[in-house]
Amino acid sequence: MTHKVALSFEDGLTRFIDVLPHETVADAAYKARINIPLDCRDGACGTCKAFCESGTYDGGDYIDEALTDDEADAGYCLPCQMSPESDLVLRISGTAEMAKTGIQKFTARIERLHWYADNTAGLTLSVENRDKLNFLPGQYMNVLVPGTGIERSYSFSSGPEERELRFLIRTAPDGVMTTYLKERAAVGDQLVLEGPVGSFFLREVRRPVLMLAGGTGVAPQLAMLEKLASSGVQPAFPIHMAYGVTFDTDLVEVEALERYAELIPGFTFDTIVADPQSAAPKKGYVTQHLLPAHLNDGDVDVYLCGPPPMVDAVRRYWADAGITPANFYYERFAVGEVQEHNVHAGAAA
Ligand code: FES
């Protein structure tokens, strides 16, 4: 059976390759003209050493100098020797540029433009060669704003297996995308997209997961939940989301979260509104509504997407609590004109 392997590069680009039964990842990458780092190709030098974020594989034959047992136990692997036993996500040392592979371009069509409120839009696109557009849930695309030559970056809120592509867009006064969406965009318009990009993506669920979303930062986490729901695999650990916004009208896709709570065993979520005038049962900031069970003494993978003050507040919160989460993946976006541009901050352990 052919397996799909995502090669995630240090510069945030991801390329997907198909690997045949008993084929090594390095051979499949070579066929796809992706030059991942290689030297001996014999499991002797360690040059190709990568990190497996998710999936199972046969590690192949190699010597201790190339990969120690401790490294193998920690998830490191040798693409020149390994054969996938499932779909894999591999973190490759080096940039996509070094591997002589680049970003992919797609032409999309606007199928729907929906305004949740004056400041939040939902954009639904179709892509002709959809089968060629593979992405990991949590990643984003660069979107060329028609007529401007300027790019903005948006995380998918749809899952990798869905035909349609969906994005949530927070508007900004005089922003180029905002102006386009409010004044010129129409169903049928063509948009050029580049990507996928980003290392803020869902890893294998190996311990409890805590998702923290601020505003439209809920988008990549919706993609992650869609992936979990559509996989049909019951997560072995609880997944909790705390979704914070400023005003009631900023809350979007709550029905989708309710649906995921039914579809994904062990998934729960809270919505929290900062506005003191809100009638929401939970008010304030997400960190005020976290319970010891959500922190799990640090044995938890945290996924955080929101504006910089939220990212900073959450990091302070963990420091004050004296707890270090097992993994802390985050992505933040700036406020103002560049709010449309999700600044990719990558993952931090
Ligand atoms: Fe030498 Fe893989 S290239 S161990």
# chains A, B, ... in the order shown; residues from 1 in each chain; ligands from 1
call {"tool": "residues_near_ligand", "arguments": {"ligand": "ligand 1", "cutoff": "10 Å", "atoms": "only C-alpha atoms and all ligand atoms", "output": "ChimeraX atom specification"}}
result
/A:26,36-50,61-63,65-67,77-82
call {"tool": "write_last_selection", "arguments": {"atoms": "N, CA, C and O atoms", "output": "mmCIF file, in the first residue's frame"}}
result
data_model
loop_
_atom_site.group_PDB
_atom_site.id
_atom_site.type_symbol
_atom_site.label_atom_id
_atom_site.label_comp_id
_atom_site.auth_asym_id
_atom_site.auth_seq_id
_atom_site.Cartn_x
_atom_site.Cartn_y
_atom_site.Cartn_z
ATOM 1 N N ALA A 26 13.780 8.127 1.289
ATOM 2 C CA ALA A 26 14.777 8.851 0.482
ATOM 3 C C ALA A 26 14.604 8.547 -1.003
ATOM 4 O O ALA A 26 14.691 9.451 -1.846
ATOM 5 N N ILE A 36 16.308 15.796 -0.250
ATOM 6 C CA ILE A 36 16.504 15.862 1.195
ATOM 7 C C ILE A 36 17.974 15.558 1.492
ATOM 8 O O ILE A 36 18.654 14.935 0.677
ATOM 9 N N PRO A 37 18.502 16.005 2.645
ATOM 10 C CA PRO A 37 19.931 15.800 2.922
ATOM 11 C C PRO A 37 20.282 14.315 2.918
ATOM 12 O O PRO A 37 19.618 13.520 3.580
ATOM 13 N N LEU A 38 21.303 13.948 2.159
ATOM 14 C CA LEU A 38 21.734 12.548 2.066
ATOM 15 C C LEU A 38 23.232 12.514 1.852
ATOM 16 O O LEU A 38 23.796 13.420 1.244
ATOM 17 N N ASP A 39 23.859 11.447 2.329
ATOM 18 C CA ASP A 39 25.268 11.247 2.018
ATOM 19 C C ASP A 39 25.508 9.777 1.686
ATOM 20 O O ASP A 39 25.468 9.377 0.524
ATOM 21 N N CYS A 40 25.664 8.934 2.709
ATOM 22 C CA CYS A 40 26.022 7.536 2.444
ATOM 23 C C CYS A 40 24.874 6.725 1.853
ATOM 24 O O CYS A 40 25.097 5.752 1.148
ATOM 25 N N ARG A 41 23.648 7.079 2.157
ATOM 26 C CA ARG A 41 22.439 6.332 1.766
ATOM 27 C C ARG A 41 22.490 4.894 2.262
ATOM 28 O O ARG A 41 21.843 4.018 1.707
ATOM 29 N N ASP A 42 23.236 4.670 3.316
ATOM 30 C CA ASP A 42 23.471 3.303 3.751
ATOM 31 C C ASP A 42 23.284 3.131 5.258
ATOM 32 O O ASP A 42 23.687 2.133 5.826
ATOM 33 N N GLY A 43 22.714 4.147 5.906
ATOM 34 C CA GLY A 43 22.503 4.030 7.353
ATOM 35 C C GLY A 43 23.790 4.108 8.146
ATOM 36 O O GLY A 43 23.870 3.567 9.257
ATOM 37 N N ALA A 44 24.795 4.780 7.599
ATOM 38 C CA ALA A 44 26.093 4.806 8.285
ATOM 39 C C ALA A 44 26.502 6.190 8.767
ATOM 40 O O ALA A 44 27.254 6.317 9.736
ATOM 41 N N CYS A 45 26.018 7.259 8.121
ATOM 42 C CA CYS A 45 26.572 8.582 8.431
ATOM 43 C C CYS A 45 25.651 9.470 9.280
ATOM 44 O O CYS A 45 26.109 10.360 9.964
ATOM 45 N N GLY A 46 24.360 9.266 9.220
ATOM 46 C CA GLY A 46 23.425 10.086 10.003
ATOM 47 C C GLY A 46 23.058 11.400 9.343
ATOM 48 O O GLY A 46 22.303 12.194 9.903
ATOM 49 N N THR A 47 23.574 11.659 8.142
ATOM 50 C CA THR A 47 23.306 12.939 7.472
ATOM 51 C C THR A 47 21.815 13.162 7.238
ATOM 52 O O THR A 47 21.318 14.286 7.300
ATOM 53 N N CYS A 48 21.085 12.097 6.977
ATOM 54 C CA CYS A 48 19.664 12.253 6.616
ATOM 55 C C CYS A 48 18.753 12.316 7.838
ATOM 56 O O CYS A 48 17.531 12.437 7.681
ATOM 57 N N LYS A 49 19.309 12.256 9.037
ATOM 58 C CA LYS A 49 18.488 12.121 10.248
ATOM 59 C C LYS A 49 17.313 13.106 10.272
ATOM 60 O O LYS A 49 17.480 14.303 10.042
ATOM 61 N N ALA A 50 16.140 12.570 10.518
ATOM 62 C CA ALA A 50 14.918 13.386 10.559
ATOM 63 C C ALA A 50 14.155 13.044 11.832
ATOM 64 O O ALA A 50 14.551 12.128 12.568
ATOM 65 N N ASP A 61 17.953 -0.848 8.439
ATOM 66 C CA ASP A 61 19.247 -1.216 9.045
ATOM 67 C C ASP A 61 20.167 -0.001 9.092
ATOM 68 O O ASP A 61 20.294 0.722 8.106
ATOM 69 N N TYR A 62 20.815 0.160 10.210
ATOM 70 C CA TYR A 62 21.767 1.273 10.355
ATOM 71 C C TYR A 62 22.688 0.976 11.529
ATOM 72 O O TYR A 62 22.426 0.057 12.322
ATOM 73 N N ILE A 63 23.746 1.767 11.631
ATOM 74 C CA ILE A 63 24.660 1.563 12.747
ATOM 75 C C ILE A 63 24.451 2.662 13.782
ATOM 76 O O ILE A 63 23.874 3.723 13.495
ATOM 77 N N GLU A 65 26.355 4.759 15.095
ATOM 78 C CA GLU A 65 26.954 6.082 14.823
ATOM 79 C C GLU A 65 25.977 6.953 14.032
ATOM 80 O O GLU A 65 26.019 8.175 14.104
ATOM 81 N N ALA A 66 25.128 6.320 13.258
ATOM 82 C CA ALA A 66 24.161 7.086 12.457
ATOM 83 C C ALA A 66 22.939 7.458 13.287
ATOM 84 O O ALA A 66 22.391 8.560 13.159
ATOM 85 N N LEU A 67 22.500 6.542 14.136
ATOM 86 C CA LEU A 67 21.296 6.779 14.953
ATOM 87 C C LEU A 67 21.408 5.908 16.200
ATOM 88 O O LEU A 67 21.462 4.677 16.092
ATOM 89 N N CYS A 77 14.809 9.284 13.044
ATOM 90 C CA CYS A 77 14.781 8.194 12.073
ATOM 91 C C CYS A 77 15.709 8.545 10.900
ATOM 92 O O CYS A 77 16.173 9.692 10.786
ATOM 93 N N LEU A 78 15.950 7.550 10.048
ATOM 94 C CA LEU A 78 16.840 7.748 8.898
ATOM 95 C C LEU A 78 16.055 7.524 7.605
ATOM 96 O O LEU A 78 15.783 6.367 7.237
ATOM 97 N N PRO A 79 15.696 8.583 6.905
ATOM 98 C CA PRO A 79 14.924 8.438 5.664
ATOM 99 C C PRO A 79 15.581 7.533 4.623
ATOM 100 O O PRO A 79 14.897 6.945 3.806
ATOM 101 N N CYS A 80 16.919 7.411 4.649
ATOM 102 C CA CYS A 80 17.564 6.563 3.640
ATOM 103 C C CYS A 80 17.325 5.086 3.920
ATOM 104 O O CYS A 80 17.586 4.245 3.058
ATOM 105 N N GLN A 81 16.866 4.763 5.117
ATOM 106 C CA GLN A 81 16.640 3.360 5.480
ATOM 107 C C GLN A 81 15.178 3.037 5.767
ATOM 108 O O GLN A 81 14.746 1.903 5.635
ATOM 109 N N MET A 82 14.412 4.024 6.171
ATOM 110 C CA MET A 82 13.075 3.739 6.707
ATOM 111 C C MET A 82 12.037 3.518 5.609
ATOM 112 O O MET A 82 12.073 4.156 4.550
#
call {"tool": "residues_around", "arguments": {"residues": "Leu291 (chain A)", "least_positions_apart": "3", "cutoff": "12 Å", "atoms": "only C-alpha atoms", "output": "ChimeraX atom specification"}}
result
/A:210,240-242,270,286-288,294-297,321
call {"tool": "write_last_selection", "arguments": {"atoms": "C-alpha atoms", "output": "PDB file, in the first residue's frame"}}
result
ATOM      1  CA  LEU A 210      -5.155  21.532  25.123  1.00  0.00           C
ATOM      2  CA  HIS A 240     -10.030  20.338  25.438  1.00  0.00           C
ATOM      3  CA  MET A 241     -10.375  23.667  23.684  1.00  0.00           C
ATOM      4  CA  ALA A 242     -10.630  27.115  25.299  1.00  0.00           C
ATOM      5  CA  ASP A 270     -15.395  26.343  26.423  1.00  0.00           C
ATOM      6  CA  VAL A 286      -8.941  31.795  28.505  1.00  0.00           C
ATOM      7  CA  THR A 287      -6.318  31.317  31.220  1.00  0.00           C
ATOM      8  CA  GLN A 288      -8.930  32.170  33.888  1.00  0.00           C
ATOM      9  CA  HIS A 294      -6.510  20.698  31.505  1.00  0.00           C
ATOM     10  CA  LEU A 295      -2.906  21.311  32.628  1.00  0.00           C
ATOM     11  CA  ASN A 296      -2.452  17.654  33.658  1.00  0.00           C
ATOM     12  CA  ASP A 297       0.744  18.556  35.579  1.00  0.00           C
ATOM     13  CA  ALA A 321       2.051  27.926  37.392  1.00  0.00           C
TER      14      ALA A 321
END
call {"tool": "select_by_dssp", "arguments": {"residues": "region 68-281 of chain A", "states": "helix (DSSP H, G or I)", "output": "PyMOL selection string"}}
result
chain A and resi 69-74+130-132+176-184+215-231+248-250+254-263
call {"tool": "closest_residue", "arguments": {"among": "A:Glu97, A:Phe167, A:Ile150, A:Asn142", "to": "Ile110 (chain A)", "atoms": "only C-alpha atoms"}}
result
A:Phe167
call {"tool": "closest_atom_pairs", "arguments": {"of": "region 106-193 of chain A", "to": "region 253-262 of chain A", "cutoff": "10 Å", "atoms": "only C-alpha atoms", "output": "JSON lines"}}
result
{"residue": "A:Tyr116", "atom": "CA", "partner": "A:Glu253", "partner_atom": "CA", "distance": 9.1}
{"residue": "A:Gly122", "atom": "CA", "partner": "A:Glu253", "partner_atom": "CA", "distance": 9.9}
{"residue": "A:Ser157", "atom": "CA", "partner": "A:Glu253", "partner_atom": "CA", "distance": 9.9}
{"residue": "A:Leu168", "atom": "CA", "partner": "A:Glu253", "partner_atom": "CA", "distance": 9.9}
call {"tool": "closest_atom_pairs", "arguments": {"of": "region 1-87 of chain A", "to": "region 129-141 of chain A", "cutoff": "12 Å", "atoms": "only C-alpha atoms", "output": "CSV"}}
result
residue,atom,partner,partner_atom,distance
A:Lys4,CA,A:Asn134,CA,9.7
A:Val5,CA,A:Asn134,CA,10.4
A:Ala6,CA,A:Leu136,CA,8.1
A:Leu7,CA,A:Leu136,CA,10.5
A:Ser8,CA,A:Leu136,CA,9.7
A:Gly12,CA,A:Gln139,CA,9.2
A:Leu13,CA,A:Gln139,CA,9.5
A:Thr14,CA,A:Phe135,CA,7.7
A:Arg15,CA,A:Asn134,CA,8.1
A:Phe16,CA,A:Asn134,CA,6.9
A:Ile17,CA,A:Asn134,CA,9.8
A:Asp18,CA,A:Asn134,CA,11.4
A:Glu53,CA,A:Leu136,CA,11.6
A:Ser54,CA,A:Leu136,CA,11.4
A:Asp87,CA,A:Leu136,CA,11.7
call {"tool": "write_last_selection", "arguments": {"atoms": "N, CA, C and O atoms", "output": "PDB file, in the first residue's frame"}}
result
ATOM      1  N   LYS A   4       1.373   8.200   2.164  1.00  0.00           N
ATOM      2  CA  LYS A   4       1.681   9.599   1.920  1.00  0.00           C
ATOM      3  C   LYS A   4       2.605  10.091   3.029  1.00  0.00           C
ATOM      4  O   LYS A   4       2.319   9.882   4.214  1.00  0.00           O
ATOM      5  N   VAL A   5       3.702  10.697   2.644  1.00  0.00           N
ATOM      6  CA  VAL A   5       4.650  11.193   3.645  1.00  0.00           C
ATOM      7  C   VAL A   5       4.805  12.701   3.466  1.00  0.00           C
ATOM      8  O   VAL A   5       5.128  13.178   2.371  1.00  0.00           O
ATOM      9  N   ALA A   6       4.544  13.425   4.539  1.00  0.00           N
ATOM     10  CA  ALA A   6       4.723  14.881   4.530  1.00  0.00           C
ATOM     11  C   ALA A   6       6.149  15.189   4.976  1.00  0.00           C
ATOM     12  O   ALA A   6       6.572  14.749   6.043  1.00  0.00           O
ATOM     13  N   LEU A   7       6.877  15.910   4.137  1.00  0.00           N
ATOM     14  CA  LEU A   7       8.231  16.338   4.487  1.00  0.00           C
ATOM     15  C   LEU A   7       8.139  17.800   4.914  1.00  0.00           C
ATOM     16  O   LEU A   7       7.865  18.681   4.095  1.00  0.00           O
ATOM     17  N   SER A   8       8.324  18.045   6.191  1.00  0.00           N
ATOM     18  CA  SER A   8       8.180  19.405   6.724  1.00  0.00           C
ATOM     19  C   SER A   8       9.573  20.007   6.881  1.00  0.00           C
ATOM     20  O   SER A   8      10.402  19.483   7.640  1.00  0.00           O
ATOM     21  N   GLY A  12       9.400  26.086   7.014  1.00  0.00           N
ATOM     22  CA  GLY A  12       7.941  26.065   7.118  1.00  0.00           C
ATOM     23  C   GLY A  12       7.230  25.471   5.919  1.00  0.00           C
ATOM     24  O   GLY A  12       6.026  25.253   5.964  1.00  0.00           O
ATOM     25  N   LEU A  13       7.965  25.211   4.824  1.00  0.00           N
ATOM     26  CA  LEU A  13       7.322  24.602   3.654  1.00  0.00           C
ATOM     27  C   LEU A  13       7.137  23.104   3.884  1.00  0.00           C
ATOM     28  O   LEU A  13       7.929  22.474   4.579  1.00  0.00           O
ATOM     29  N   THR A  14       6.109  22.574   3.284  1.00  0.00           N
ATOM     30  CA  THR A  14       5.854  21.139   3.385  1.00  0.00           C
ATOM     31  C   THR A  14       5.635  20.577   1.993  1.00  0.00           C
ATOM     32  O   THR A  14       4.917  21.176   1.193  1.00  0.00           O
ATOM     33  N   ARG A  15       6.260  19.466   1.685  1.00  0.00           N
ATOM     34  CA  ARG A  15       5.987  18.761   0.430  1.00  0.00           C
ATOM     35  C   ARG A  15       5.545  17.346   0.761  1.00  0.00           C
ATOM     36  O   ARG A  15       6.027  16.750   1.713  1.00  0.00           O
ATOM     37  N   PHE A  16       4.625  16.841  -0.019  1.00  0.00           N
ATOM     38  CA  PHE A  16       4.106  15.491   0.208  1.00  0.00           C
ATOM     39  C   PHE A  16       4.631  14.568  -0.890  1.00  0.00           C
ATOM     40  O   PHE A  16       4.665  14.952  -2.061  1.00  0.00           O
ATOM     41  N   ILE A  17       5.006  13.361  -0.505  1.00  0.00           N
ATOM     42  CA  ILE A  17       5.428  12.362  -1.493  1.00  0.00           C
ATOM     43  C   ILE A  17       4.669  11.059  -1.240  1.00  0.00           C
ATOM     44  O   ILE A  17       4.220  10.801  -0.122  1.00  0.00           O
ATOM     45  N   ASP A  18       4.522  10.268  -2.310  1.00  0.00           N
ATOM     46  CA  ASP A  18       3.934   8.934  -2.182  1.00  0.00           C
ATOM     47  C   ASP A  18       5.069   7.927  -2.094  1.00  0.00           C
ATOM     48  O   ASP A  18       5.992   7.945  -2.925  1.00  0.00           O
ATOM     49  N   GLU A  53       7.111  13.088  13.314  1.00  0.00           N
ATOM     50  CA  GLU A  53       6.077  13.740  14.123  1.00  0.00           C
ATOM     51  C   GLU A  53       4.878  12.828  14.314  1.00  0.00           C
ATOM     52  O   GLU A  53       4.191  12.909  15.323  1.00  0.00           O
ATOM     53  N   SER A  54       4.588  12.010  13.322  1.00  0.00           N
ATOM     54  CA  SER A  54       3.485  11.072  13.488  1.00  0.00           C
ATOM     55  C   SER A  54       3.582   9.950  12.474  1.00  0.00           C
ATOM     56  O   SER A  54       4.148  10.121  11.392  1.00  0.00           O
ATOM     57  N   ASP A  87       0.812   6.548   6.883  1.00  0.00           N
ATOM     58  CA  ASP A  87       1.179   7.906   6.470  1.00  0.00           C
ATOM     59  C   ASP A  87       2.080   8.501   7.547  1.00  0.00           C
ATOM     60  O   ASP A  87       1.910   8.199   8.736  1.00  0.00           O
TER      61      ASP A  87
END
call {"tool": "select_by_dssp", "arguments": {"residues": "region 166-338 of chain A", "states": "strand (DSSP E)", "output": "NGL selection string"}}
result
:A and (166-170 or 190-197 or 209-214 or 239-245 or 267-273 or 301-306 or 327-332)
call {"tool": "residues_around", "arguments": {"residues": "Leu263 (chain A)", "least_positions_apart": "4", "cutoff": "9 Å", "atoms": "only C-alpha atoms", "output": "ChimeraX atom specification"}}
result
/A:228-230,232,258-259,267
call {"tool": "write_last_selection", "arguments": {"atoms": "C-alpha atoms", "output": "tab-separated table (two decimals), in the first residue's frame"}}
result
chain	number	residue	atom	x	y	z
A	228	LEU	CA	-9.65	14.00	14.07
A	229	ALA	CA	-13.38	13.64	13.36
A	230	SER	CA	-12.92	12.32	9.82
A	232	GLY	CA	-12.65	7.70	12.59
A	258	GLU	CA	-20.67	21.40	19.06
A	259	ARG	CA	-20.70	18.94	16.19
A	267	PHE	CA	-13.42	16.45	23.02
call {"tool": "closest_residue", "arguments": {"among": "A:Val143, A:Val311, A:Ile264, A:Ala29", "to": "Phe106 (chain A)", "atoms": "only C-alpha atoms"}}
result
A:Val143
call {"tool": "residues_around", "arguments": {"residues": "Thr216 (chain A)", "least_positions_apart": "6", "cutoff": "9 Å", "atoms": "only C-alpha atoms", "output": "list in words"}}
result
Thr120, Leu168, Ile169, Arg170, Val245, Asp250, Leu251, Val252, Cys305 and Gly306 of chain A
call {"tool": "write_last_selection", "arguments": {"atoms": "C-alpha atoms", "output": "PDB file, in the first residue's frame"}}
result
ATOM      1  CA  THR A 120     -15.077  38.527  10.255  1.00  0.00           C
ATOM      2  CA  LEU A 168     -11.650  32.679   8.347  1.00  0.00           C
ATOM      3  CA  ILE A 169     -10.594  36.254   7.767  1.00  0.00           C
ATOM      4  CA  ARG A 170     -10.503  38.982  10.381  1.00  0.00           C
ATOM      5  CA  VAL A 245     -12.891  36.352  21.949  1.00  0.00           C
ATOM      6  CA  ASP A 250     -16.568  37.565  17.509  1.00  0.00           C
ATOM      7  CA  LEU A 251     -17.574  33.982  18.308  1.00  0.00           C
ATOM      8  CA  VAL A 252     -17.807  31.972  15.084  1.00  0.00           C
ATOM      9  CA  CYS A 305      -3.194  30.301  17.952  1.00  0.00           C
ATOM     10  CA  GLY A 306      -4.050  33.908  18.676  1.00  0.00           C
TER      11      GLY A 306
END
call {"tool": "residues_around", "arguments": {"residues": "Gly75 (chain A)", "least_positions_apart": "4", "cutoff": "7 Å", "atoms": "only C-alpha atoms", "output": "list in words"}}
result
Phe51, Cys52 and Glu71 of chain A
call {"tool": "write_last_selection", "arguments": {"atoms": "N, CA, C and O atoms", "output": "compact mmCIF listing (two decimals), in the first residue's frame"}}
result
# COMPACT_ATOMS: atom_id res chain seq x y z
N PHE A 51 13.08 13.78 12.07
CA PHE A 51 12.26 13.50 13.25
C PHE A 51 10.85 13.15 12.80
O PHE A 51 10.25 13.87 11.98
N CYS A 52 10.34 12.04 13.31
CA CYS A 52 9.00 11.61 12.91
C CYS A 52 7.96 12.21 13.86
O CYS A 52 7.94 11.89 15.05
N GLU A 71 18.04 7.99 20.40
CA GLU A 71 17.47 8.86 19.37
C GLU A 71 16.27 8.19 18.70
O GLU A 71 15.24 8.81 18.47
call {"tool": "atom_distance", "arguments": {"atom1": "CA of Pro325 (chain A)", "atom2": "CA of Ala313 (chain A)"}}
result
14.9 Å
call {"tool": "closest_residue", "arguments": {"among": "A:Ala172, A:Met211, A:Ala280, A:Met98", "to": "Ala121 (chain A)", "atoms": "only C-alpha atoms"}}
result
A:Ala172
call {"tool": "closest_residue", "arguments": {"among": "A:Val209, A:Met310, A:Val233, A:Ala74", "to": "Asn327 (chain A)", "atoms": "only C-alpha atoms"}}
result
A:Val209
call {"tool": "closest_residue", "arguments": {"among": "A:Ala186, A:Leu191, A:Leu222, A:Val25", "to": "Tyr243 (chain A)", "atoms": "only C-alpha atoms"}}
result
A:Leu222
call {"tool": "atom_distance", "arguments": {"atom1": "CA of Ile103 (chain A)", "atom2": "CA of Phe9 (chain A)"}}
result
11.3 Å
call {"tool": "residues_around", "arguments": {"residues": "Val192 (chain A)", "least_positions_apart": "5", "cutoff": "12 Å", "atoms": "only C-alpha atoms", "output": "PyMOL selection string"}}
result
chain A and resi 104-110+125-128+141-153
call {"tool": "residues_around", "arguments": {"residues": "region 272-278 of chain A", "least_positions_apart": "4", "cutoff": "7 Å", "atoms": "only C-alpha atoms", "output": "VMD selection string"}}
result
chain A and resid 243 to 248 282 to 286
